[in-house]
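See below for target-v1.pdb, which holds PDB, C-alpha atoms and all ligand atoms.
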ATOM      1  CA  MET A  16      10.271  -6.263 -14.046  1.00  0.00           C
ATOM      2  CA  THR A  17      13.346  -4.422 -12.759  1.00  0.00           C
ATOM      3  CA  ASN A  18      16.625  -6.037 -13.738  1.00  0.00           C
ATOM      4  CA  ALA A  19      19.045  -6.801 -10.928  1.00  0.00           C
ATOM      5  CA  LEU A  20      21.016  -3.569 -11.446  1.00  0.00           C
ATOM      6  CA  ALA A  21      18.163  -1.085 -11.858  1.00  0.00           C
ATOM      7  CA  PRO A  22      16.807   0.800  -8.836  1.00  0.00           C
ATOM      8  CA  VAL A  23      13.882  -0.852  -7.120  1.00  0.00           C
ATOM      9  CA  ARG A  24      10.624   1.004  -7.838  1.00  0.00           C
ATOM     10  CA  LEU A  25       8.086   1.071  -5.057  1.00  0.00           C
ATOM     11  CA  LEU A  26       4.553   2.352  -4.814  1.00  0.00           C
ATOM     12  CA  VAL A  27       3.762   4.234  -1.618  1.00  0.00           C
ATOM     13  CA  ILE A  28       0.085   3.972  -0.735  1.00  0.00           C
ATOM     14  CA  ALA A  29      -2.023   5.089   2.222  1.00  0.00           C
ATOM     15  CA  GLY A  30      -5.384   3.543   2.977  1.00  0.00           C
ATOM     16  CA  SER A  31      -6.647   6.965   4.057  1.00  0.00           C
ATOM     17  CA  ALA A  32      -7.078  10.096   1.962  1.00  0.00           C
ATOM     18  CA  ARG A  33      -7.886  12.246   4.981  1.00  0.00           C
ATOM     19  CA  LYS A  34      -6.211  15.642   5.103  1.00  0.00           C
ATOM     20  CA  GLY A  35      -3.558  15.280   7.795  1.00  0.00           C
ATOM     21  CA  SER A  36      -3.758  11.464   7.671  1.00  0.00           C
ATOM     22  CA  TYR A  37      -1.279   9.782  10.027  1.00  0.00           C
ATOM     23  CA  ASN A  38      -1.097   6.840   7.658  1.00  0.00           C
ATOM     24  CA  ARG A  39      -0.199   9.086   4.735  1.00  0.00           C
ATOM     25  CA  GLN A  40       2.494  10.599   6.928  1.00  0.00           C
ATOM     26  CA  LEU A  41       3.766   7.135   7.820  1.00  0.00           C
ATOM     27  CA  ALA A  42       3.666   5.948   4.211  1.00  0.00           C
ATOM     28  CA  ASP A  43       5.596   9.029   3.084  1.00  0.00           C
ATOM     29  CA  LEU A  44       8.195   8.498   5.779  1.00  0.00           C
ATOM     30  CA  ALA A  45       8.598   4.904   4.613  1.00  0.00           C
ATOM     31  CA  GLY A  46       8.994   6.216   1.068  1.00  0.00           C
ATOM     32  CA  HIS A  47      11.769   8.582   2.146  1.00  0.00           C
ATOM     33  CA  LYS A  48      13.570   5.722   3.864  1.00  0.00           C
ATOM     34  CA  ALA A  49      13.267   3.664   0.703  1.00  0.00           C
ATOM     35  CA  GLN A  50      14.725   6.517  -1.342  1.00  0.00           C
ATOM     36  CA  ALA A  51      17.635   6.734   1.090  1.00  0.00           C
ATOM     37  CA  LEU A  52      18.300   3.072   0.274  1.00  0.00           C
ATOM     38  CA  GLY A  53      18.364   3.825  -3.444  1.00  0.00           C
ATOM     39  CA  ALA A  54      14.795   2.957  -4.363  1.00  0.00           C
ATOM     40  CA  GLN A  55      12.574   5.066  -6.589  1.00  0.00           C
ATOM     41  CA  THR A  56       9.131   5.711  -5.153  1.00  0.00           C
ATOM     42  CA  THR A  57       5.774   6.782  -6.498  1.00  0.00           C
ATOM     43  CA  SER A  58       3.217   8.125  -4.074  1.00  0.00           C
ATOM     44  CA  VAL A  59      -0.341   7.114  -4.939  1.00  0.00           C
ATOM     45  CA  ASP A  60      -3.462   8.874  -3.673  1.00  0.00           C
ATOM     46  CA  LEU A  61      -6.159   6.207  -3.925  1.00  0.00           C
ATOM     47  CA  ALA A  62      -8.948   8.789  -3.636  1.00  0.00           C
ATOM     48  CA  ALA A  63      -7.586  10.649  -6.665  1.00  0.00           C
ATOM     49  CA  LEU A  64      -8.236   7.527  -8.757  1.00  0.00           C
ATOM     50  CA  ASP A  65     -11.893   8.468  -8.315  1.00  0.00           C
ATOM     51  CA  LEU A  66     -13.119   4.893  -8.318  1.00  0.00           C
ATOM     52  CA  PRO A  67     -16.829   4.307  -7.723  1.00  0.00           C
ATOM     53  CA  LEU A  68     -17.887   1.864  -5.046  1.00  0.00           C
ATOM     54  CA  PHE A  69     -17.523  -1.497  -6.745  1.00  0.00           C
ATOM     55  CA  HIS A  70     -20.800  -3.058  -7.765  1.00  0.00           C
ATOM     56  CA  ALA A  71     -21.027  -5.937 -10.240  1.00  0.00           C
ATOM     57  CA  ASP A  72     -23.973  -4.387 -12.095  1.00  0.00           C
ATOM     58  CA  TRP A  73     -22.085  -1.093 -12.463  1.00  0.00           C
ATOM     59  CA  ASP A  74     -19.121  -3.061 -13.736  1.00  0.00           C
ATOM     60  CA  ALA A  75     -21.291  -4.858 -16.303  1.00  0.00           C
ATOM     61  CA  GLN A  76     -22.845  -1.633 -17.593  1.00  0.00           C
ATOM     62  CA  HIS A  77     -19.778   0.585 -17.887  1.00  0.00           C
ATOM     63  CA  SER A  78     -16.298   0.351 -19.276  1.00  0.00           C
ATOM     64  CA  VAL A  79     -13.427  -0.024 -16.833  1.00  0.00           C
ATOM     65  CA  PRO A  80     -12.993   3.245 -14.919  1.00  0.00           C
ATOM     66  CA  PRO A  81      -9.797   5.149 -15.826  1.00  0.00           C
ATOM     67  CA  GLY A  82      -8.666   4.989 -12.194  1.00  0.00           C
ATOM     68  CA  ALA A  83      -8.652   1.202 -12.281  1.00  0.00           C
ATOM     69  CA  LEU A  84      -6.578   1.220 -15.495  1.00  0.00           C
ATOM     70  CA  LYS A  85      -4.211   3.665 -13.821  1.00  0.00           C
ATOM     71  CA  LEU A  86      -3.852   1.365 -10.824  1.00  0.00           C
ATOM     72  CA  ARG A  87      -3.048  -1.570 -13.117  1.00  0.00           C
ATOM     73  CA  GLU A  88      -0.416   0.538 -14.901  1.00  0.00           C
ATOM     74  CA  LEU A  89       1.100   1.600 -11.574  1.00  0.00           C
ATOM     75  CA  PHE A  90       1.403  -1.945 -10.279  1.00  0.00           C
ATOM     76  CA  ALA A  91       2.691  -3.209 -13.623  1.00  0.00           C
ATOM     77  CA  SER A  92       5.475  -0.619 -13.632  1.00  0.00           C
ATOM     78  CA  HIS A  93       6.630  -1.050 -10.025  1.00  0.00           C
ATOM     79  CA  ASP A  94       8.405  -3.778  -8.096  1.00  0.00           C
ATOM     80  CA  GLY A  95       6.665  -3.577  -4.744  1.00  0.00           C
ATOM     81  CA  LEU A  96       4.574  -1.628  -2.300  1.00  0.00           C
ATOM     82  CA  LEU A  97       4.845   0.237   0.971  1.00  0.00           C
ATOM     83  CA  LEU A  98       1.349   0.413   2.442  1.00  0.00           C
ATOM     84  CA  ALA A  99       0.110   2.246   5.514  1.00  0.00           C
ATOM     85  CA  CYS A 100      -3.552   1.617   6.281  1.00  0.00           C
ATOM     86  CA  PRO A 101      -5.687   2.615   9.255  1.00  0.00           C
ATOM     87  CA  GLU A 102      -8.233   0.235  10.696  1.00  0.00           C
ATOM     88  CA  TYR A 103     -11.893   1.105  10.616  1.00  0.00           C
ATOM     89  CA  ASN A 104     -13.738  -1.040  13.128  1.00  0.00           C
ATOM     90  CA  ALA A 105     -10.855  -3.504  13.078  1.00  0.00           C
ATOM     91  CA  LEU A 106     -10.911  -3.852   9.294  1.00  0.00           C
ATOM     92  CA  PRO A 107      -8.868  -2.269   6.489  1.00  0.00           C
ATOM     93  CA  THR A 108     -10.510   0.847   5.084  1.00  0.00           C
ATOM     94  CA  PRO A 109     -13.154   0.692   2.348  1.00  0.00           C
ATOM     95  CA  LEU A 110     -10.866   2.938   0.260  1.00  0.00           C
ATOM     96  CA  LEU A 111      -8.154   0.278   0.238  1.00  0.00           C
ATOM     97  CA  ILE A 112     -10.439  -2.709  -0.328  1.00  0.00           C
ATOM     98  CA  ASN A 113     -12.470  -0.962  -3.030  1.00  0.00           C
ATOM     99  CA  SER A 114      -9.337   0.084  -4.918  1.00  0.00           C
ATOM    100  CA  PHE A 115      -7.939  -3.430  -4.904  1.00  0.00           C
ATOM    101  CA  ASP A 116     -11.315  -4.929  -5.818  1.00  0.00           C
ATOM    102  CA  TRP A 117     -11.288  -2.715  -8.882  1.00  0.00           C
ATOM    103  CA  LEU A 118      -7.708  -3.681  -9.671  1.00  0.00           C
ATOM    104  CA  SER A 119      -8.669  -7.363  -9.530  1.00  0.00           C
ATOM    105  CA  THR A 120     -11.329  -6.883 -12.206  1.00  0.00           C
ATOM    106  CA  VAL A 121      -9.202  -5.122 -14.824  1.00  0.00           C
ATOM    107  CA  PRO A 122      -8.502  -7.399 -17.801  1.00  0.00           C
ATOM    108  CA  GLU A 123      -5.144  -7.530 -19.527  1.00  0.00           C
ATOM    109  CA  GLY A 124      -4.503  -4.812 -22.081  1.00  0.00           C
ATOM    110  CA  GLU A 125      -2.211  -1.999 -23.242  1.00  0.00           C
ATOM    111  CA  GLY A 126       0.754  -4.298 -22.773  1.00  0.00           C
ATOM    112  CA  HIS A 127      -0.142  -5.041 -19.151  1.00  0.00           C
ATOM    113  CA  PRO A 128      -1.395  -8.267 -17.634  1.00  0.00           C
ATOM    114  CA  GLY A 129      -4.787  -8.327 -15.942  1.00  0.00           C
ATOM    115  CA  GLY A 130      -5.030  -6.340 -12.693  1.00  0.00           C
ATOM    116  CA  ALA A 131      -4.291  -9.005 -10.072  1.00  0.00           C
ATOM    117  CA  ALA A 132      -1.523 -10.451 -12.263  1.00  0.00           C
ATOM    118  CA  THR A 133       0.370  -7.173 -11.901  1.00  0.00           C
ATOM    119  CA  THR A 134       0.878  -7.803  -8.196  1.00  0.00           C
ATOM    120  CA  VAL A 135       1.972 -11.450  -8.267  1.00  0.00           C
ATOM    121  CA  SER A 136       5.104 -12.172  -6.202  1.00  0.00           C
ATOM    122  CA  LYS A 137       5.802  -8.475  -5.587  1.00  0.00           C
ATOM    123  CA  PRO A 138       6.753  -7.585  -2.011  1.00  0.00           C
ATOM    124  CA  VAL A 139       4.681  -5.393   0.270  1.00  0.00           C
ATOM    125  CA  GLY A 140       5.455  -3.957   3.690  1.00  0.00           C
ATOM    126  CA  LEU A 141       2.539  -3.299   6.020  1.00  0.00           C
ATOM    127  CA  LEU A 142       2.220  -0.276   8.286  1.00  0.00           C
ATOM    128  CA  ALA A 143      -0.604   1.205  10.308  1.00  0.00           C
ATOM    129  CA  ALA A 144      -1.128   4.206  12.534  1.00  0.00           C
ATOM    130  CA  SER A 145      -3.950   5.116  14.872  1.00  0.00           C
ATOM    131  CA  PRO A 146      -4.485   7.689  17.596  1.00  0.00           C
ATOM    132  CA  GLY A 147      -5.826   4.754  19.630  1.00  0.00           C
ATOM    133  CA  ALA A 148      -3.952   2.331  21.842  1.00  0.00           C
ATOM    134  CA  LEU A 149      -3.576  -0.545  19.376  1.00  0.00           C
ATOM    135  CA  GLY A 150      -2.086   1.287  16.430  1.00  0.00           C
ATOM    136  CA  GLY A 151      -4.295  -0.387  13.849  1.00  0.00           C
ATOM    137  CA  ILE A 152      -2.722  -3.802  14.331  1.00  0.00           C
ATOM    138  CA  ARG A 153      -6.025  -5.687  14.352  1.00  0.00           C
ATOM    139  CA  ALA A 154      -6.484  -4.995  10.649  1.00  0.00           C
ATOM    140  CA  LEU A 155      -2.941  -5.855   9.599  1.00  0.00           C
ATOM    141  CA  PRO A 156      -3.444  -9.660   9.585  1.00  0.00           C
ATOM    142  CA  ILE A 157      -6.481  -9.098   7.387  1.00  0.00           C
ATOM    143  CA  VAL A 158      -4.508  -6.932   4.961  1.00  0.00           C
ATOM    144  CA  ARG A 159      -1.797  -9.610   5.024  1.00  0.00           C
ATOM    145  CA  THR A 160      -4.274 -12.333   4.053  1.00  0.00           C
ATOM    146  CA  PHE A 161      -5.993 -10.125   1.488  1.00  0.00           C
ATOM    147  CA  LEU A 162      -2.792  -9.212  -0.351  1.00  0.00           C
ATOM    148  CA  SER A 163      -1.075 -12.584  -0.084  1.00  0.00           C
ATOM    149  CA  THR A 164      -4.000 -14.652  -1.377  1.00  0.00           C
ATOM    150  CA  ASN A 165      -5.762 -13.309  -4.474  1.00  0.00           C
ATOM    151  CA  PHE A 166      -3.096 -10.707  -5.136  1.00  0.00           C
ATOM    152  CA  ALA A 167      -0.315 -13.245  -4.492  1.00  0.00           C
ATOM    153  CA  MET A 168       1.948 -10.592  -3.026  1.00  0.00           C
ATOM    154  CA  VAL A 169       4.880 -11.444  -0.775  1.00  0.00           C
ATOM    155  CA  VAL A 170       4.004  -9.706   2.480  1.00  0.00           C
ATOM    156  CA  VAL A 171       7.251  -9.262   4.391  1.00  0.00           C
ATOM    157  CA  PRO A 172       7.149 -10.566   7.975  1.00  0.00           C
ATOM    158  CA  GLU A 173       8.171  -7.274   9.564  1.00  0.00           C
ATOM    159  CA  GLN A 174       5.303  -4.842  10.153  1.00  0.00           C
ATOM    160  CA  LEU A 175       4.620  -1.753  12.224  1.00  0.00           C
ATOM    161  CA  GLY A 176       1.557  -0.444  14.035  1.00  0.00           C
ATOM    162  CA  ILE A 177       1.913   2.983  15.627  1.00  0.00           C
ATOM    163  CA  SER A 178      -0.369   3.755  18.561  1.00  0.00           C
ATOM    164  CA  GLN A 179      -1.075   7.301  19.789  1.00  0.00           C
ATOM    165  CA  ALA A 180      -0.230   8.405  16.265  1.00  0.00           C
ATOM    166  CA  ASP A 181      -1.433  11.923  17.025  1.00  0.00           C
ATOM    167  CA  GLN A 182       1.677  12.293  19.201  1.00  0.00           C
ATOM    168  CA  ALA A 183       4.065  10.076  17.257  1.00  0.00           C
ATOM    169  CA  PHE A 184       5.516  12.504  14.703  1.00  0.00           C
ATOM    170  CA  ASP A 185       7.717  15.530  15.263  1.00  0.00           C
ATOM    171  CA  GLU A 186       7.359  18.770  13.314  1.00  0.00           C
ATOM    172  CA  ALA A 187       9.676  17.540  10.576  1.00  0.00           C
ATOM    173  CA  GLY A 188       7.483  14.460  10.091  1.00  0.00           C
ATOM    174  CA  ALA A 189       9.962  12.042  11.679  1.00  0.00           C
ATOM    175  CA  LEU A 190       8.944   9.469  14.268  1.00  0.00           C
ATOM    176  CA  LYS A 191       9.740  10.554  17.807  1.00  0.00           C
ATOM    177  CA  SER A 192      10.216   6.964  18.953  1.00  0.00           C
ATOM    178  CA  ALA A 193      13.581   5.475  17.994  1.00  0.00           C
ATOM    179  CA  GLY A 194      12.015   2.041  18.457  1.00  0.00           C
ATOM    180  CA  TYR A 195       9.258   2.692  15.927  1.00  0.00           C
ATOM    181  CA  ASP A 196      11.772   4.254  13.556  1.00  0.00           C
ATOM    182  CA  LYS A 197      13.968   1.158  13.742  1.00  0.00           C
ATOM    183  CA  ILE A 198      11.066  -1.152  12.928  1.00  0.00           C
ATOM    184  CA  LEU A 199      10.008   1.087  10.047  1.00  0.00           C
ATOM    185  CA  ALA A 200      13.530   0.913   8.647  1.00  0.00           C
ATOM    186  CA  LYS A 201      13.378  -2.889   8.886  1.00  0.00           C
ATOM    187  CA  VAL A 202      10.076  -3.076   7.032  1.00  0.00           C
ATOM    188  CA  VAL A 203      11.394  -0.867   4.229  1.00  0.00           C
ATOM    189  CA  ALA A 204      14.718  -2.704   3.965  1.00  0.00           C
ATOM    190  CA  SER A 205      12.914  -6.039   3.854  1.00  0.00           C
ATOM    191  CA  VAL A 206      10.669  -4.942   0.982  1.00  0.00           C
ATOM    192  CA  ILE A 207      13.668  -3.668  -0.983  1.00  0.00           C
ATOM    193  CA  GLN A 208      15.600  -6.884  -0.318  1.00  0.00           C
ATOM    194  CA  GLN A 209      12.688  -9.005  -1.520  1.00  0.00           C
ATOM    195  CA  ALA A 210      12.350  -6.871  -4.650  1.00  0.00           C
ATOM    196  CA  ARG A 211      16.065  -7.280  -5.373  1.00  0.00           C
ATOM    197  CA  TRP A 212      15.889 -11.062  -4.902  1.00  0.00           C
ATOM    198  CA  ARG A 213      12.924 -11.172  -7.231  1.00  0.00           C
ATOM    199  CA  ALA A 214      14.759  -9.123  -9.872  1.00  0.00           C
ATOM    200  CA  ALA A 215      17.791 -11.379  -9.606  1.00  0.00           C
ATOM    201  CA  ALA A 216      15.786 -14.617  -9.844  1.00  0.00           C
TER     202      ALA A 216
HETATM  203  C1  LIG B   1     -15.386   4.549  10.793  1.00  0.00           C
HETATM  204  C2  LIG B   1     -14.139   4.586  11.656  1.00  0.00           C
HETATM  205  C3  LIG B   1     -13.787   3.469  12.360  1.00  0.00           C
HETATM  206  C4  LIG B   1     -12.623   3.469  13.139  1.00  0.00           C
HETATM  207  N1  LIG B   1     -12.236   2.326  13.767  1.00  0.00           N
HETATM  208  C5  LIG B   1     -11.046   2.283  14.401  1.00  0.00           C
HETATM  209  C6  LIG B   1     -10.560   1.062  14.940  1.00  0.00           C
HETATM  210  O1  LIG B   1     -11.170   0.022  14.849  1.00  0.00           O
HETATM  211  N2  LIG B   1      -9.335   1.082  15.540  1.00  0.00           N
HETATM  212  C7  LIG B   1      -8.584   2.217  15.642  1.00  0.00           C
HETATM  213  O2  LIG B   1      -7.488   2.169  16.180  1.00  0.00           O
HETATM  214  N3  LIG B   1      -9.038   3.393  15.154  1.00  0.00           N
HETATM  215  C8  LIG B   1     -10.244   3.446  14.531  1.00  0.00           C
HETATM  216  N4  LIG B   1     -10.678   4.622  13.989  1.00  0.00           N
HETATM  217  C9  LIG B   1      -9.895   5.844  14.189  1.00  0.00           C
HETATM  218  C10 LIG B   1      -8.826   5.959  13.159  1.00  0.00           C
HETATM  219  O3  LIG B   1      -7.707   5.196  13.521  1.00  0.00           O
HETATM  220  C11 LIG B   1      -8.424   7.428  13.008  1.00  0.00           C
HETATM  221  O4  LIG B   1      -9.510   8.139  12.471  1.00  0.00           O
HETATM  222  C12 LIG B   1      -7.181   7.604  12.180  1.00  0.00           C
HETATM  223  O5  LIG B   1      -6.755   8.937  12.278  1.00  0.00           O
HETATM  224  C13 LIG B   1      -7.433   7.194  10.738  1.00  0.00           C
HETATM  225  O6  LIG B   1      -6.222   7.193  10.040  1.00  0.00           O
HETATM  226  P1  LIG B   1      -5.680   8.458   9.227  1.00  0.00           P
HETATM  227  O7  LIG B   1      -5.161   9.429  10.263  1.00  0.00           O
HETATM  228  O8  LIG B   1      -4.596   7.913   8.392  1.00  0.00           O
HETATM  229  O9  LIG B   1      -6.815   9.033   8.448  1.00  0.00           O
HETATM  230  C14 LIG B   1     -11.836   4.644  13.220  1.00  0.00           C
HETATM  231  C15 LIG B   1     -12.223   5.781  12.503  1.00  0.00           C
HETATM  232  C16 LIG B   1     -13.350   5.758  11.713  1.00  0.00           C
HETATM  233  C17 LIG B   1     -13.718   6.984  10.909  1.00  0.00           C
END
Serialized structure, structure tokens:
Amino acid sequence: MTNALAPVRLLVIAGSARKGSYNRQLADLAGHKAQALGAQTTSVDLAALDLPLFHADWDAQHSVPPGALKLRELFASHDGLLLACPEYNALPTPLLINSFDWLSTVPEGEGHPGGAATTVSKPVGLLAASPGALGGIRALPIVRTFLSTNFAMVVVPEQLGISQADQAFDEAGALKSAGYDKILAKVVASVIQQARWRAAA
């Protein structure tokens, strides 16, 4: 865990691996804001972890996939998470759920606790973007429950859902709406504050 004086280290994850993903864009923007506040960030491409679709029989017949071990190592070595996830039919994406299901199955090892124990009490800020009218906000309460229960993460109260995401970013990747930008800054600042409190505790 970070000591109170060390920079906060945050993972930056998108629940979509689509080329041109609005949620990746939003996650990266959040990461840049975190860096501006002194945090160190690590961008994670969940698809690059190459995790199979979780199936208990597969799990019983194979060793833990390297991508799941990598995810455990990433969570063990960071203080919190900035997450932007689209909604698919009002739910978080299979990519996000599958990745965290795998994380939850990884036993302790290589100096790290078991997968879900790497997330305990670490803060997470929730973001979503959609070209639709609701901005992905129907899935955010589900992500909130998912991460705050078995993964025991501290989901900060501030959150942001960006509607009409196909028109929300300018050419430099910034948000055109000052209102959205202000909320994004609040989400990021809240995650960093929580991580600092945790380090000082
Ligand atoms: C299977 C599927 C289901 C979707 N369901 C929703 C939905 O419930 N609400 C919504 O706002 N957008 C929905 N969309 C549209 C996504 O928000 C859109 O594809 C978005 O660009 C995905 O995020 P990304 O840009 O980060 O990849 C859905 C897209 C797919 C492929």
Practice problem: Using all atoms listed in the file, pick whichever of A:Val169, A:Cys100, A:Ala187, A:Ala204 has the shortest atom-to-atom distance to Ile152 of chain A. | Solution: A:Cys100
Quiz item: atom CA of Leu175 of chain A and atom CA of Ser114 of chain A are how many Å apart?
Solution: 22.2 Å
Quiz item: Applied to the shown file, which residues does the PyMOL selection byres (((chain A and resi 67-74) around 10) and not hetatm) return, written as a list in words?
Solution: Ala62, Leu64, Asp65, Leu66, Ala75, Gln76, His77, Ser78, Val79, Pro80, Gly82, Ala83, Pro109, Leu110, Ile112, Asn113, Ser114, Phe115, Asp116, Trp117 and Thr120 of chain A
Emit the selected residues as a PDB file, keeping the file's coordinate frame, including C-alpha atoms.
ATOM      1  CA  ALA A  62      -8.948   8.789  -3.636  1.00  0.00           C
ATOM      2  CA  LEU A  64      -8.236   7.527  -8.757  1.00  0.00           C
ATOM      3  CA  ASP A  65     -11.893   8.468  -8.315  1.00  0.00           C
ATOM      4  CA  LEU A  66     -13.119   4.893  -8.318  1.00  0.00           C
ATOM      5  CA  ALA A  75     -21.291  -4.858 -16.303  1.00  0.00           C
ATOM      6  CA  GLN A  76     -22.845  -1.633 -17.593  1.00  0.00           C
ATOM      7  CA  HIS A  77     -19.778   0.585 -17.887  1.00  0.00           C
ATOM      8  CA  SER A  78     -16.298   0.351 -19.276  1.00  0.00           C
ATOM      9  CA  VAL A  79     -13.427  -0.024 -16.833  1.00  0.00           C
ATOM     10  CA  PRO A  80     -12.993   3.245 -14.919  1.00  0.00           C
ATOM     11  CA  GLY A  82      -8.666   4.989 -12.194  1.00  0.00           C
ATOM     12  CA  ALA A  83      -8.652   1.202 -12.281  1.00  0.00           C
ATOM     13  CA  PRO A 109     -13.154   0.692   2.348  1.00  0.00           C
ATOM     14  CA  LEU A 110     -10.866   2.938   0.260  1.00  0.00           C
ATOM     15  CA  ILE A 112     -10.439  -2.709  -0.328  1.00  0.00           C
ATOM     16  CA  ASN A 113     -12.470  -0.962  -3.030  1.00  0.00           C
ATOM     17  CA  SER A 114      -9.337   0.084  -4.918  1.00  0.00           C
ATOM     18  CA  PHE A 115      -7.939  -3.430  -4.904  1.00  0.00           C
ATOM     19  CA  ASP A 116     -11.315  -4.929  -5.818  1.00  0.00           C
ATOM     20  CA  TRP A 117     -11.288  -2.715  -8.882  1.00  0.00           C
ATOM     21  CA  THR A 120     -11.329  -6.883 -12.206  1.00  0.00           C
TER      22      THR A 120
END
Could you list, with a cut-off of 12 Å and counting all atoms listed in the file, the residues of chain A near ligand LIG 1 (chain B), each shown with its nearest atom pair and the distance in Å rounded to one decimal, rows sorted by chain and ascending number, as a Markdown table?
| residue | atom | partner | partner_atom | distance |
| --- | --- | --- | --- | --- |
| A:Ile28 | CA | B:LIG1 | O8 | 11.0 |
| A:Ala29 | CA | B:LIG1 | O8 | 7.3 |
| A:Gly30 | CA | B:LIG1 | O8 | 7.0 |
| A:Ser31 | CA | B:LIG1 | O9 | 4.9 |
| A:Ala32 | CA | B:LIG1 | O9 | 6.6 |
| A:Arg33 | CA | B:LIG1 | O9 | 4.8 |
| A:Lys34 | CA | B:LIG1 | O9 | 7.4 |
| A:Gly35 | CA | B:LIG1 | O7 | 6.5 |
| A:Ser36 | CA | B:LIG1 | O7 | 3.6 |
| A:Tyr37 | CA | B:LIG1 | O7 | 3.9 |
| A:Asn38 | CA | B:LIG1 | O8 | 3.7 |
| A:Arg39 | CA | B:LIG1 | O8 | 5.8 |
| A:Gln40 | CA | B:LIG1 | O8 | 7.7 |
| A:Leu41 | CA | B:LIG1 | O8 | 8.4 |
| A:Ala42 | CA | B:LIG1 | O8 | 9.5 |
| A:Asp43 | CA | B:LIG1 | O8 | 11.5 |
| A:Leu98 | CA | B:LIG1 | O8 | 11.3 |
| A:Ala99 | CA | B:LIG1 | O8 | 7.9 |
| A:Cys100 | CA | B:LIG1 | O8 | 6.7 |
| A:Pro101 | CA | B:LIG1 | O6 | 4.7 |
| A:Glu102 | CA | B:LIG1 | C6 | 4.9 |
| A:Tyr103 | CA | B:LIG1 | N1 | 3.4 |
| A:Asn104 | CA | B:LIG1 | O1 | 3.3 |
| A:Ala105 | CA | B:LIG1 | O1 | 4.0 |
| A:Leu106 | CA | B:LIG1 | O1 | 6.8 |
| A:Pro107 | CA | B:LIG1 | O1 | 9.0 |
| A:Thr108 | CA | B:LIG1 | C1 | 8.4 |
| A:Pro109 | CA | B:LIG1 | C1 | 9.5 |
| A:Leu110 | CA | B:LIG1 | O9 | 11.0 |
| A:Leu111 | CA | B:LIG1 | O8 | 11.7 |
| A:Leu142 | CA | B:LIG1 | O8 | 10.7 |
| A:Ala143 | CA | B:LIG1 | O8 | 8.0 |
| A:Ala144 | CA | B:LIG1 | O6 | 6.4 |
| A:Ser145 | CA | B:LIG1 | O3 | 4.0 |
| A:Pro146 | CA | B:LIG1 | O3 | 5.8 |
| A:Gly147 | CA | B:LIG1 | O2 | 4.6 |
| A:Ala148 | CA | B:LIG1 | O2 | 6.7 |
| A:Leu149 | CA | B:LIG1 | O2 | 5.7 |
| A:Gly150 | CA | B:LIG1 | O2 | 5.5 |
| A:Gly151 | CA | B:LIG1 | O2 | 4.7 |
| A:Ile152 | CA | B:LIG1 | O2 | 7.9 |
| A:Arg153 | CA | B:LIG1 | N2 | 7.6 |
| A:Ala154 | CA | B:LIG1 | O1 | 8.0 |
| A:Leu155 | CA | B:LIG1 | N2 | 11.1 |
| A:Gly176 | CA | B:LIG1 | O2 | 9.7 |
| A:Ile177 | CA | B:LIG1 | O2 | 9.5 |
| A:Ser178 | CA | B:LIG1 | O2 | 7.7 |
| A:Gln179 | CA | B:LIG1 | O2 | 9.0 |
| A:Ala180 | CA | B:LIG1 | O5 | 7.7 |
| A:Asp181 | CA | B:LIG1 | O5 | 7.7 |
| A:Gln182 | CA | B:LIG1 | O5 | 11.4 |
| A:Ala183 | CA | B:LIG1 | O7 | 11.6 |
| A:Phe184 | CA | B:LIG1 | O7 | 12.0 |
Practice problem: Spell out the residues picked by the PyMOL selection byres (((chain A and resi 23) around 8) and not hetatm) here, as JSON, numbers by chain. | Solution: {"A": [17, 21, 22, 24, 25, 53, 54, 55, 93, 94, 207, 210, 211]}
Quiz item: If we count all atoms listed in the file, what is near Lys197 of chain A at a cut-off of 12 Å, once residues fewer than 5 positions away on the same chain are taken out, given as a list of chain:residue names?
Solution: A:Ala45, A:Lys48, A:Glu173, A:Gln174, A:Leu175, A:Ala189, A:Leu190, A:Lys191, A:Ser192, A:Val202, A:Val203, A:Ala204
Residues just named, written with C-alpha atoms as an mmCIF file, in the coordinates of the input:
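Below is the file part18.cif, written as the result:
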data_model
loop_
_atom_site.group_PDB
_atom_site.id
_atom_site.type_symbol
_atom_site.label_atom_id
_atom_site.label_comp_id
_atom_site.auth_asym_id
_atom_site.auth_seq_id
_atom_site.Cartn_x
_atom_site.Cartn_y
_atom_site.Cartn_z
ATOM 1 C CA ALA A 45 8.598 4.904 4.613
ATOM 2 C CA LYS A 48 13.570 5.722 3.864
ATOM 3 C CA GLU A 173 8.171 -7.274 9.564
ATOM 4 C CA GLN A 174 5.303 -4.842 10.153
ATOM 5 C CA LEU A 175 4.620 -1.753 12.224
ATOM 6 C CA ALA A 189 9.962 12.042 11.679
ATOM 7 C CA LEU A 190 8.944 9.469 14.268
ATOM 8 C CA LYS A 191 9.740 10.554 17.807
ATOM 9 C CA SER A 192 10.216 6.964 18.953
ATOM 10 C CA VAL A 202 10.076 -3.076 7.032
ATOM 11 C CA VAL A 203 11.394 -0.867 4.229
ATOM 12 C CA ALA A 204 14.718 -2.704 3.965
#
Selection: 10 Å around Ser92 of chain A, all atoms listed in the file, excl. self and same-chain fewer than 2 positions, as an mmCIF file with C-alpha atoms, in the coordinates of the input:
data_model
loop_
_atom_site.group_PDB
_atom_site.id
_atom_site.type_symbol
_atom_site.label_atom_id
_atom_site.label_comp_id
_atom_site.auth_asym_id
_atom_site.auth_seq_id
_atom_site.Cartn_x
_atom_site.Cartn_y
_atom_site.Cartn_z
ATOM 1 C CA MET A 16 10.271 -6.263 -14.046
ATOM 2 C CA THR A 17 13.346 -4.422 -12.759
ATOM 3 C CA ARG A 24 10.624 1.004 -7.838
ATOM 4 C CA LEU A 25 8.086 1.071 -5.057
ATOM 5 C CA LEU A 26 4.553 2.352 -4.814
ATOM 6 C CA LEU A 86 -3.852 1.365 -10.824
ATOM 7 C CA ARG A 87 -3.048 -1.570 -13.117
ATOM 8 C CA GLU A 88 -0.416 0.538 -14.901
ATOM 9 C CA LEU A 89 1.100 1.600 -11.574
ATOM 10 C CA PHE A 90 1.403 -1.945 -10.279
ATOM 11 C CA ASP A 94 8.405 -3.778 -8.096
ATOM 12 C CA GLY A 95 6.665 -3.577 -4.744
ATOM 13 C CA HIS A 127 -0.142 -5.041 -19.151
ATOM 14 C CA THR A 133 0.370 -7.173 -11.901
#
